[in-house]
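Shown next: entry.pdb, containing PDB, C-alpha atoms (C1' of nucleotides).
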```pdb
ATOM      1  CA  MET A   1      16.661 -16.661   1.233
ATOM      2  CA  ASP A   2      13.925 -16.711   3.838
ATOM      3  CA  GLN A   3      10.180 -17.055   3.628
ATOM      4  CA  VAL A   4       9.543 -13.342   3.532
ATOM      5  CA  ASP A   5      11.621 -12.947   0.389
ATOM      6  CA  ILE A   6       9.776 -15.752  -1.314
ATOM      7  CA  PHE A   7       6.454 -14.101  -0.573
ATOM      8  CA  LYS A   8       7.817 -10.729  -1.684
ATOM      9  CA  ALA A   9       8.811 -12.285  -4.982
ATOM     10  CA  LEU A  10       5.223 -13.445  -5.354
ATOM     11  CA  SER A  11       3.747 -10.076  -4.375
ATOM     12  CA  ASN A  12       3.609  -8.680  -7.870
ATOM     13  CA  LYS A  13       1.109  -9.304 -10.599
ATOM     14  CA  THR A  14       3.618  -9.453 -13.419
ATOM     15  CA  ARG A  15       5.873 -11.877 -11.588
ATOM     16  CA  LEU A  16       2.933 -14.150 -10.868
ATOM     17  CA  GLN A  17       1.995 -14.009 -14.533
ATOM     18  CA  ILE A  18       5.501 -14.946 -15.586
ATOM     19  CA  LEU A  19       5.412 -18.005 -13.349
ATOM     20  CA  ASN A  20       2.114 -18.933 -14.893
ATOM     21  CA  TRP A  21       3.203 -18.365 -18.465
ATOM     22  CA  LEU A  22       6.187 -20.604 -17.858
ATOM     23  CA  LYS A  23       3.859 -23.468 -17.075
ATOM     24  CA  GLU A  24       3.041 -23.718 -20.772
ATOM     25  CA  PRO A  25       5.895 -22.161 -22.698
ATOM     26  CA  ALA A  26       4.909 -23.553 -26.093
ATOM     27  CA  LEU A  27       1.449 -22.095 -25.722
ATOM     28  CA  ASN A  28       2.476 -18.736 -24.300
ATOM     29  CA  PHE A  29       5.631 -18.077 -26.283
ATOM     30  CA  PRO A  30       4.976 -19.341 -29.795
ATOM     31  CA  ASP A  31       7.533 -16.912 -31.265
ATOM     32  CA  GLN A  32      10.487 -18.201 -29.348
ATOM     33  CA  LEU A  33      13.093 -19.288 -31.904
ATOM     34  CA  ASN A  34      14.627 -22.053 -29.874
ATOM     35  CA  PRO A  35      11.600 -24.274 -29.179
ATOM     36  CA  ASP A  36      13.423 -26.498 -26.715
ATOM     37  CA  PHE A  37      11.222 -25.226 -23.944
ATOM     38  CA  GLU A  38      11.366 -28.172 -21.621
ATOM     39  CA  ASN A  39      15.108 -28.198 -21.368
ATOM     40  CA  VAL A  40      16.128 -24.590 -21.495
ATOM     41  CA  GLY A  41      13.060 -22.461 -20.899
ATOM     42  CA  VAL A  42      12.109 -19.108 -22.381
ATOM     43  CA  CYS A  43      14.450 -16.230 -23.068
ATOM     44  CA  VAL A  44      14.163 -12.814 -21.437
ATOM     45  CA  GLY A  45      13.172 -11.006 -24.608
ATOM     46  CA  GLN A  46      10.118 -13.165 -25.185
ATOM     47  CA  ILE A  47       8.956 -12.694 -21.635
ATOM     48  CA  GLN A  48       9.549  -8.980 -21.910
ATOM     49  CA  ILE A  49       7.421  -8.638 -25.031
ATOM     50  CA  LYS A  50       4.602 -10.630 -23.471
ATOM     51  CA  ALA A  51       4.691  -8.669 -20.219
ATOM     52  CA  GLY A  52       4.828  -5.293 -21.927
ATOM     53  CA  LEU A  53       7.236  -3.788 -19.429
ATOM     54  CA  SER A  54      10.744  -2.507 -20.065
ATOM     55  CA  GLN A  55      13.663  -4.823 -20.632
ATOM     56  CA  SER A  56      15.390  -3.734 -17.454
ATOM     57  CA  THR A  57      12.309  -4.315 -15.369
ATOM     58  CA  ILE A  58      11.771  -7.823 -16.663
ATOM     59  CA  SER A  59      15.413  -8.691 -16.247
ATOM     60  CA  GLU A  60      15.208  -7.584 -12.641
ATOM     61  CA  TYR A  61      11.934  -9.415 -12.037
ATOM     62  CA  LEU A  62      13.457 -12.616 -13.331
ATOM     63  CA  SER A  63      16.386 -12.261 -11.027
ATOM     64  CA  ILE A  64      14.046 -11.679  -8.093
ATOM     65  CA  LEU A  65      12.230 -14.890  -8.980
ATOM     66  CA  GLN A  66      15.540 -16.650  -9.338
ATOM     67  CA  ARG A  67      16.837 -15.487  -5.963
ATOM     68  CA  ALA A  68      13.634 -16.839  -4.448
ATOM     69  CA  ASN A  69      14.335 -20.135  -6.174
ATOM     70  CA  LEU A  70      11.121 -20.037  -8.136
ATOM     71  CA  VAL A  71      12.816 -20.099 -11.534
ATOM     72  CA  SER A  72      16.212 -21.190 -12.785
ATOM     73  CA  ALA A  73      18.334 -19.677 -15.536
ATOM     74  CA  THR A  74      20.524 -21.127 -18.242
ATOM     75  CA  ARG A  75      22.796 -19.010 -20.360
ATOM     76  CA  VAL A  76      23.181 -20.188 -23.958
ATOM     77  CA  GLY A  77      25.085 -17.832 -26.171
ATOM     78  CA  GLN A  78      23.630 -14.371 -25.876
ATOM     79  CA  TRP A  79      20.409 -15.659 -24.424
ATOM     80  CA  THR A  80      19.388 -16.415 -20.900
ATOM     81  CA  TYR A  81      16.596 -18.932 -20.704
ATOM     82  CA  TYR A  82      14.381 -19.080 -17.663
ATOM     83  CA  LYS A  83      12.148 -21.913 -16.584
ATOM     84  CA  ARG A  84      10.181 -22.771 -13.486
ATOM     85  CA  SER A  85      12.106 -24.380 -10.681
ATOM     86  CA  GLU A  86       9.776 -27.144  -9.638
ATOM     87  CA  GLU A  87      12.107 -27.960  -6.790
ATOM     88  CA  GLY A  88      11.727 -24.496  -5.323
ATOM     89  CA  LEU A  89       8.010 -24.450  -5.977
ATOM     90  CA  ASN A  90       7.584 -27.767  -4.223
ATOM     91  CA  LYS A  91       9.564 -26.517  -1.277
ATOM     92  CA  LEU A  92       7.289 -23.494  -1.117
ATOM     93  CA  ASN A  93       4.343 -25.831  -1.078
ATOM     94  CA  GLN A  94       5.796 -27.613   1.877
ATOM     95  CA  ILE A  95       6.548 -24.405   3.704
ATOM     96  CA  ILE A  96       3.019 -23.287   3.301
ATOM     97  CA  SER A  97       1.387 -26.503   4.307
ATOM     98  CA  THR A  98       3.628 -27.118   7.292
ATOM     99  CA  GLU A  99       5.053 -23.843   8.540
ATOM    100  CA  LEU A 100       2.361 -21.356   7.808
TER     101      LEU A 100
ATOM    102  CA  MET B 101      -8.943  -9.943  -2.647
ATOM    103  CA  ASP B 102      -6.586 -11.352  -5.212
ATOM    104  CA  GLN B 103      -3.508 -13.509  -4.968
ATOM    105  CA  VAL B 104      -1.135 -10.581  -4.928
ATOM    106  CA  ASP B 105      -2.724  -9.183  -1.790
ATOM    107  CA  ILE B 106      -2.497 -12.522  -0.057
ATOM    108  CA  PHE B 107       1.201 -12.729  -0.811
ATOM    109  CA  LYS B 108       1.687  -9.123   0.252
ATOM    110  CA  ALA B 109       0.061  -9.916   3.555
ATOM    111  CA  LEU B 110       2.604 -12.695   3.981
ATOM    112  CA  SER B 111       5.545 -10.518   2.953
ATOM    113  CA  ASN B 112       6.328  -9.318   6.434
ATOM    114  CA  LYS B 113       8.196 -11.064   9.194
ATOM    115  CA  THR B 114       5.941  -9.904  12.002
ATOM    116  CA  ARG B 115       2.782 -10.928  10.194
ATOM    117  CA  LEU B 116       4.217 -14.375   9.531
ATOM    118  CA  GLN B 117       5.098 -14.634  13.203
ATOM    119  CA  ILE B 118       1.589 -13.684  14.228
ATOM    120  CA  LEU B 119       0.153 -16.433  12.048
ATOM    121  CA  ASN B 120       2.539 -18.845  13.650
ATOM    122  CA  TRP B 121       1.864 -17.740  17.191
ATOM    123  CA  LEU B 122      -1.829 -18.213  16.588
ATOM    124  CA  LYS B 123      -1.215 -21.881  15.873
ATOM    125  CA  GLU B 124      -0.645 -22.423  19.585
ATOM    126  CA  PRO B 125      -2.356 -19.634  21.446
ATOM    127  CA  ALA B 126      -2.197 -21.260  24.861
ATOM    128  CA  LEU B 127       1.521 -21.699  24.539
ATOM    129  CA  ASN B 128       2.297 -18.313  23.047
ATOM    130  CA  PHE B 129      -0.132 -16.135  24.972
ATOM    131  CA  PRO B 130      -0.191 -17.480  28.523
ATOM    132  CA  ASP B 131      -1.194 -14.079  29.922
ATOM    133  CA  GLN B 132      -4.412 -13.773  27.978
ATOM    134  CA  LEU B 133      -7.224 -13.368  30.508
ATOM    135  CA  ASN B 134      -9.915 -15.051  28.486
ATOM    136  CA  PRO B 135      -8.384 -18.461  27.863
ATOM    137  CA  ASP B 136     -11.058 -19.563  25.423
ATOM    138  CA  PHE B 137      -8.491 -19.609  22.660
ATOM    139  CA  GLU B 138     -10.062 -22.143  20.380
ATOM    140  CA  ASN B 139     -13.322 -20.330  20.074
ATOM    141  CA  VAL B 140     -12.444 -16.677  20.137
ATOM    142  CA  GLY B 141      -8.717 -16.374  19.552
ATOM    143  CA  VAL B 142      -6.253 -13.908  21.010
ATOM    144  CA  CYS B 143      -6.856 -10.227  21.620
ATOM    145  CA  VAL B 144      -4.908  -7.441  19.953
ATOM    146  CA  GLY B 145      -3.167  -6.298  23.100
ATOM    147  CA  GLN B 146      -1.592  -9.677  23.753
ATOM    148  CA  ILE B 147      -0.349  -9.910  20.206
ATOM    149  CA  GLN B 148       0.992  -6.387  20.421
ATOM    150  CA  ILE B 149       3.002  -7.103  23.547
ATOM    151  CA  LYS B 150       4.474 -10.239  22.046
ATOM    152  CA  ALA B 151       5.362  -8.548  18.757
ATOM    153  CA  GLY B 152       6.920  -5.512  20.414
ATOM    154  CA  LEU B 153       5.572  -3.048  17.862
ATOM    155  CA  SER B 154       3.163  -0.205  18.457
ATOM    156  CA  GLN B 155      -0.521  -0.754  19.045
ATOM    157  CA  SER B 156      -1.471   1.001  15.838
ATOM    158  CA  THR B 157       0.920  -1.069  13.781
ATOM    159  CA  ILE B 158      -0.350  -4.360  15.125
ATOM    160  CA  SER B 159      -3.942  -3.309  14.683
ATOM    161  CA  GLU B 160      -3.221  -2.533  11.057
ATOM    162  CA  TYR B 161      -1.277  -5.739  10.521
ATOM    163  CA  LEU B 162      -4.185  -7.740  11.845
ATOM    164  CA  SER B 163      -6.546  -6.027   9.499
ATOM    165  CA  ILE B 164      -4.218  -6.743   6.589
ATOM    166  CA  LEU B 165      -4.217 -10.413   7.548
ATOM    167  CA  GLN B 166      -7.969 -10.304   7.898
ATOM    168  CA  ARG B 167      -8.504  -8.710   4.488
ATOM    169  CA  ALA B 168      -6.394 -11.494   3.021
ATOM    170  CA  ASN B 169      -8.626 -13.985   4.793
ATOM    171  CA  LEU B 170      -5.797 -15.450   6.787
ATOM    172  CA  VAL B 171      -7.312 -14.606  10.169
ATOM    173  CA  SER B 172     -10.806 -13.865  11.397
ATOM    174  CA  ALA B 173     -11.899 -11.439  14.079
ATOM    175  CA  THR B 174     -14.542 -11.560  16.781
ATOM    176  CA  ARG B 175     -15.457  -8.551  18.841
ATOM    177  CA  VAL B 176     -16.422  -9.315  22.432
ATOM    178  CA  GLY B 177     -16.920  -6.284  24.624
ATOM    179  CA  GLN B 178     -13.929  -4.029  24.300
ATOM    180  CA  TRP B 179     -11.761  -6.747  22.903
ATOM    181  CA  THR B 180     -11.230  -7.991  19.395
ATOM    182  CA  TYR B 181     -10.048 -11.548  19.255
ATOM    183  CA  TYR B 182      -8.193 -12.837  16.264
ATOM    184  CA  LYS B 183      -7.641 -16.415  15.246
ATOM    185  CA  ARG B 184      -6.340 -18.203  12.196
ATOM    186  CA  SER B 185      -8.784 -18.699   9.395
ATOM    187  CA  GLU B 186      -8.126 -22.273   8.429
ATOM    188  CA  GLU B 187     -10.550 -21.877   5.554
ATOM    189  CA  GLY B 188      -8.503 -19.085   4.060
ATOM    190  CA  LEU B 189      -5.251 -20.869   4.746
ATOM    191  CA  ASN B 190      -6.516 -23.983   3.050
ATOM    192  CA  LYS B 191      -7.610 -21.986   0.079
ATOM    193  CA  LEU B 192      -4.150 -20.474  -0.113
ATOM    194  CA  ASN B 193      -2.737 -23.947  -0.088
ATOM    195  CA  GLN B 194      -4.887 -24.827  -3.028
ATOM    196  CA  ILE B 195      -3.972 -21.678  -4.913
ATOM    197  CA  ILE B 196      -0.332 -22.432  -4.509
ATOM    198  CA  SER B 197      -0.526 -26.054  -5.458
ATOM    199  CA  THR B 198      -2.795 -25.529  -8.440
ATOM    200  CA  GLU B 199      -2.429 -21.981  -9.727
ATOM    201  CA  LEU B 200       1.150 -21.122  -9.049
TER     202      LEU B 200
ATOM    203  C1'  DT C 201      38.125  -5.471 -34.597
ATOM    204  C1'  DT C 202      33.883  -3.455 -35.496
ATOM    205  C1'  DG C 203      29.245  -3.586 -35.105
ATOM    206  C1'  DG C 204      24.918  -5.889 -33.689
ATOM    207  C1'  DT C 205      21.901  -8.222 -30.464
ATOM    208  C1'  DA C 206      20.627 -10.006 -25.669
ATOM    209  C1'  DT C 207      20.860  -9.365 -20.999
ATOM    210  C1'  DA C 208      22.374  -7.159 -16.664
ATOM    211  C1'  DT C 209      23.244  -3.314 -13.853
ATOM    212  C1'  DC C 210      22.912   1.540 -12.375
ATOM    213  C1'  DG C 211      20.626   5.833 -11.011
ATOM    214  C1'  DG C 212      16.473   7.962 -10.258
ATOM    215  C1'  DG C 213      11.532   9.504  -9.659
ATOM    216  C1'  DA C 214       6.950   7.979  -8.213
ATOM    217  C1'  DA C 215       4.127   5.024  -5.552
ATOM    218  C1'  DA C 216       3.425   1.799  -1.806
ATOM    219  C1'  DA C 217       4.516  -0.250   2.663
ATOM    220  C1'  DG C 218       6.417   0.082   7.428
ATOM    221  C1'  DT C 219       5.988   2.232  11.506
ATOM    222  C1'  DC C 220       5.103   5.673  14.811
ATOM    223  C1'  DG C 221       2.438   8.969  18.057
ATOM    224  C1'  DA C 222      -1.848  11.282  18.480
ATOM    225  C1'  DT C 223      -6.548  11.054  18.279
ATOM    226  C1'  DA C 224     -11.112   8.922  17.650
ATOM    227  C1'  DT C 225     -14.387   5.378  18.690
ATOM    228  C1'  DA C 226     -16.503   1.743  21.295
ATOM    229  C1'  DC C 227     -17.503  -0.386  25.285
ATOM    230  C1'  DA C 228     -17.502  -1.059  30.503
ATOM    231  C1'  DT C 229     -17.612   0.600  35.208
ATOM    232  C1'  DT C 230     -18.589   3.598  38.600
TER     233       DT C 230
ATOM    234  C1'  DA D 231     -22.349  11.479  33.164
ATOM    235  C1'  DA D 232     -17.486  10.724  33.772
ATOM    236  C1'  DT D 233     -13.563   8.040  33.558
ATOM    237  C1'  DG D 234     -10.827   4.108  32.092
ATOM    238  C1'  DT D 235      -9.443   0.530  28.861
ATOM    239  C1'  DA D 236      -9.142  -1.770  24.116
ATOM    240  C1'  DT D 237      -9.022  -1.125  19.457
ATOM    241  C1'  DA D 238      -9.223   1.510  15.115
ATOM    242  C1'  DT D 239      -8.059   5.296  12.312
ATOM    243  C1'  DC D 240      -5.334   9.432  10.918
ATOM    244  C1'  DG D 241      -1.277  12.126   9.585
ATOM    245  C1'  DA D 242       3.473  12.049   9.034
ATOM    246  C1'  DC D 243       7.991  10.373   8.101
ATOM    247  C1'  DT D 244      11.211   6.743   6.483
ATOM    248  C1'  DT D 245      12.230   2.766   3.843
ATOM    249  C1'  DT D 246      11.165  -0.288   0.162
ATOM    250  C1'  DT D 247       9.228  -1.478  -4.239
ATOM    251  C1'  DC D 248       7.939  -0.361  -8.983
ATOM    252  C1'  DC D 249       9.392   0.825 -13.175
ATOM    253  C1'  DC D 250      11.919   3.512 -16.378
ATOM    254  C1'  DG D 251      15.922   5.116 -19.534
ATOM    255  C1'  DA D 252      20.779   4.986 -19.974
ATOM    256  C1'  DT D 253      24.761   2.483 -19.815
ATOM    257  C1'  DA D 254      27.664  -1.627 -19.252
ATOM    258  C1'  DT D 255      28.728  -6.355 -20.281
ATOM    259  C1'  DA D 256      28.670 -10.603 -22.868
ATOM    260  C1'  DC D 257      28.483 -12.902 -26.851
ATOM    261  C1'  DC D 258      28.165 -13.468 -31.935
ATOM    262  C1'  DA D 259      29.064 -12.511 -36.839
ATOM    263  C1'  DA D 260      31.136 -10.199 -40.432
TER     264       DA D 260
END
```
I'd like the structure from this file rewritten - as structure tokens, please.
Amino acid sequence: MDQVDIFKALSNKTRLQILNWLKEPALNFPDQLNPDFENVGVCVGQIQIKAGLSQSTISEYLSILQRANLVSATRVGQWTYYKRSEEGLNKLNQIISTEL
Amino acid sequence: MDQVDIFKALSNKTRLQILNWLKEPALNFPDQLNPDFENVGVCVGQIQIKAGLSQSTISEYLSILQRANLVSATRVGQWTYYKRSEEGLNKLNQIISTEL
DNA sequence: TTGGTATATCGGGAAAAGTCGATATACATT
DNA sequence: AATGTATATCGACTTTTCCCGATATACCAA
């Protein structure tokens, strides 16, 4: 995964919003049944409702963010929970402040 | 110019290279006639040769980078010199560390 | 095992980006 | 004024991205 793909992942309004929403899951996803936000994250369906795009689109967007290492996924039963990958985001920070 | 457009500007290998080359103009553009790199920057033709893409493509790429505030341009005679916009790059740094 | 729910993947149509060659514009020189 | 050089813009074509609906897969519950 190179720099270009990271920036491509960030080149979309909805994907940027998702990253932002995931900063405060409890605030942005009050309807999530499993409220263990910190550990598992937010499930696809909740993100889809909030974004207002189709299920398939959001699923793909999340996998784009995941491939760019900006979020991580955990499968629990039928749900996939996504949360921010602070590791990846920190690495991006470094890239930008040193390599750009 | 919103965040998405900044990331789009960075979503291209050649444009990332240009930004990098402009970090060390003297090193990367030894053939530039006007060697006043720090003040004016590097002209389009030199960048075009180094990138190996067409003149029109590089001209457009530079204007994309300029619209995203990542480089600034100075016209001197028939030449347009481009250099990094450290202001814009710093702002990007801030965006990423605070808003992302 | 049958049906229900959550997510992922596939195929496709529309829009945007990548890239070119040709042309226009701007400036300099003779 | 005429020509030459540097850059910008235009029109076109190809590739990629956006986003959808339909279908497949995975898991759960009766």
Contacts from chain C to chain B, 9 Å maximum, all atoms listed in the file: show me the residue list as a ChimeraX atom specification.
/C:218-220,226-228
Counting all atoms listed in the file, the residue of A:Ser59, A:Thr80, A:Asn93, A:Thr98 that sits nearest chain B: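 Result for the nearest residue to chain B: A:Asn93.
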Q.
Restricting the calculation to only C-alpha atoms (C1' of nucleotides): of D:DT255, D:DT245, D:DC250, D:DT237, which residue gets closest to DA217 in chain C?
A.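 Among D:DT255, D:DT245, D:DC250, D:DT237, it is D:DT245 that comes nearest to DA217 in chain C.
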Please, which residues of chain A lie no more than 7 Å from chain B when the count uses only C-alpha atoms, and can they be set out as a short mmCIF file (atom, residue, chain, number, x, y, z; two decimals) with C-alpha atoms, keeping the file's coordinate frame?
```
data_model
loop_
_atom_site.label_atom_id
_atom_site.label_comp_id
_atom_site.auth_asym_id
_atom_site.auth_seq_id
_atom_site.Cartn_x
_atom_site.Cartn_y
_atom_site.Cartn_z
CA VAL A 4 9.54 -13.34 3.53
CA PHE A 7 6.45 -14.10 -0.57
CA LYS A 8 7.82 -10.73 -1.68
CA LEU A 10 5.22 -13.44 -5.35
CA SER A 11 3.75 -10.08 -4.38
CA ASN A 12 3.61 -8.68 -7.87
CA LYS A 13 1.11 -9.30 -10.60
CA LEU A 19 5.41 -18.00 -13.35
CA ASN A 20 2.11 -18.93 -14.89
CA ASN A 93 4.34 -25.83 -1.08
CA ILE A 96 3.02 -23.29 3.30
CA SER A 97 1.39 -26.50 4.31
CA LEU A 100 2.36 -21.36 7.81
#
```
Check: What is the distance, in Å and to one decimal place, between CA of Ile95 in chain A and CA of Lys191 in chain B?
Finding: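 Atom-to-atom, CA of Ile95 in chain A to CA of Lys191 in chain B, that is 14.8 Å.
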Specify the axis-aligned box that encloses all atoms of range 201-219 of chain C listed in the file after padding of 6 Å on each side, stating its centre and edge lengths in Å to one decimal as lines of an AutoDock Vina configuration file.
```
center_x = 20.8
center_y = -0.3
center_z = -12.0
size_x = 46.7
size_y = 31.5
size_z = 59.0
```
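Residues selected in this file by the PyMOL selection byres ((chain D) within 8 of (chain B)) comprise D:DT235, D:DA236, D:DT237, D:DA238.
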TODO: Expand the PyMOL selection byres ((chain C and resi 202) around 12) into the individual residues it matches in the shown file, reporting them as a list of chain:residue names.
DONE: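 So the PyMOL selection byres ((chain C and resi 202) around 12), applied here, picks out C:DT201, C:DG203, C:DG204, D:DA259, D:DA260.
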Quick one: residues within 10 Å of Asn139 in chain B, all atoms listed in the file, excluding same-chain residues fewer than 5 positions away - as a CSV table (one decimal) with C-alpha atoms, in the coordinates of the input?
```
chain,number,residue,atom,x,y,z
B,174,THR,CA,-14.5,-11.6,16.8
B,181,TYR,CA,-10.0,-11.5,19.3
B,182,TYR,CA,-8.2,-12.8,16.3
B,183,LYS,CA,-7.6,-16.4,15.2
```
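Using all atoms listed in the file, the shortest contact distance between Ile64 in chain A and any of D:DT253, D:DA242, D:DA232, D:DT247 is found at D:DT247.
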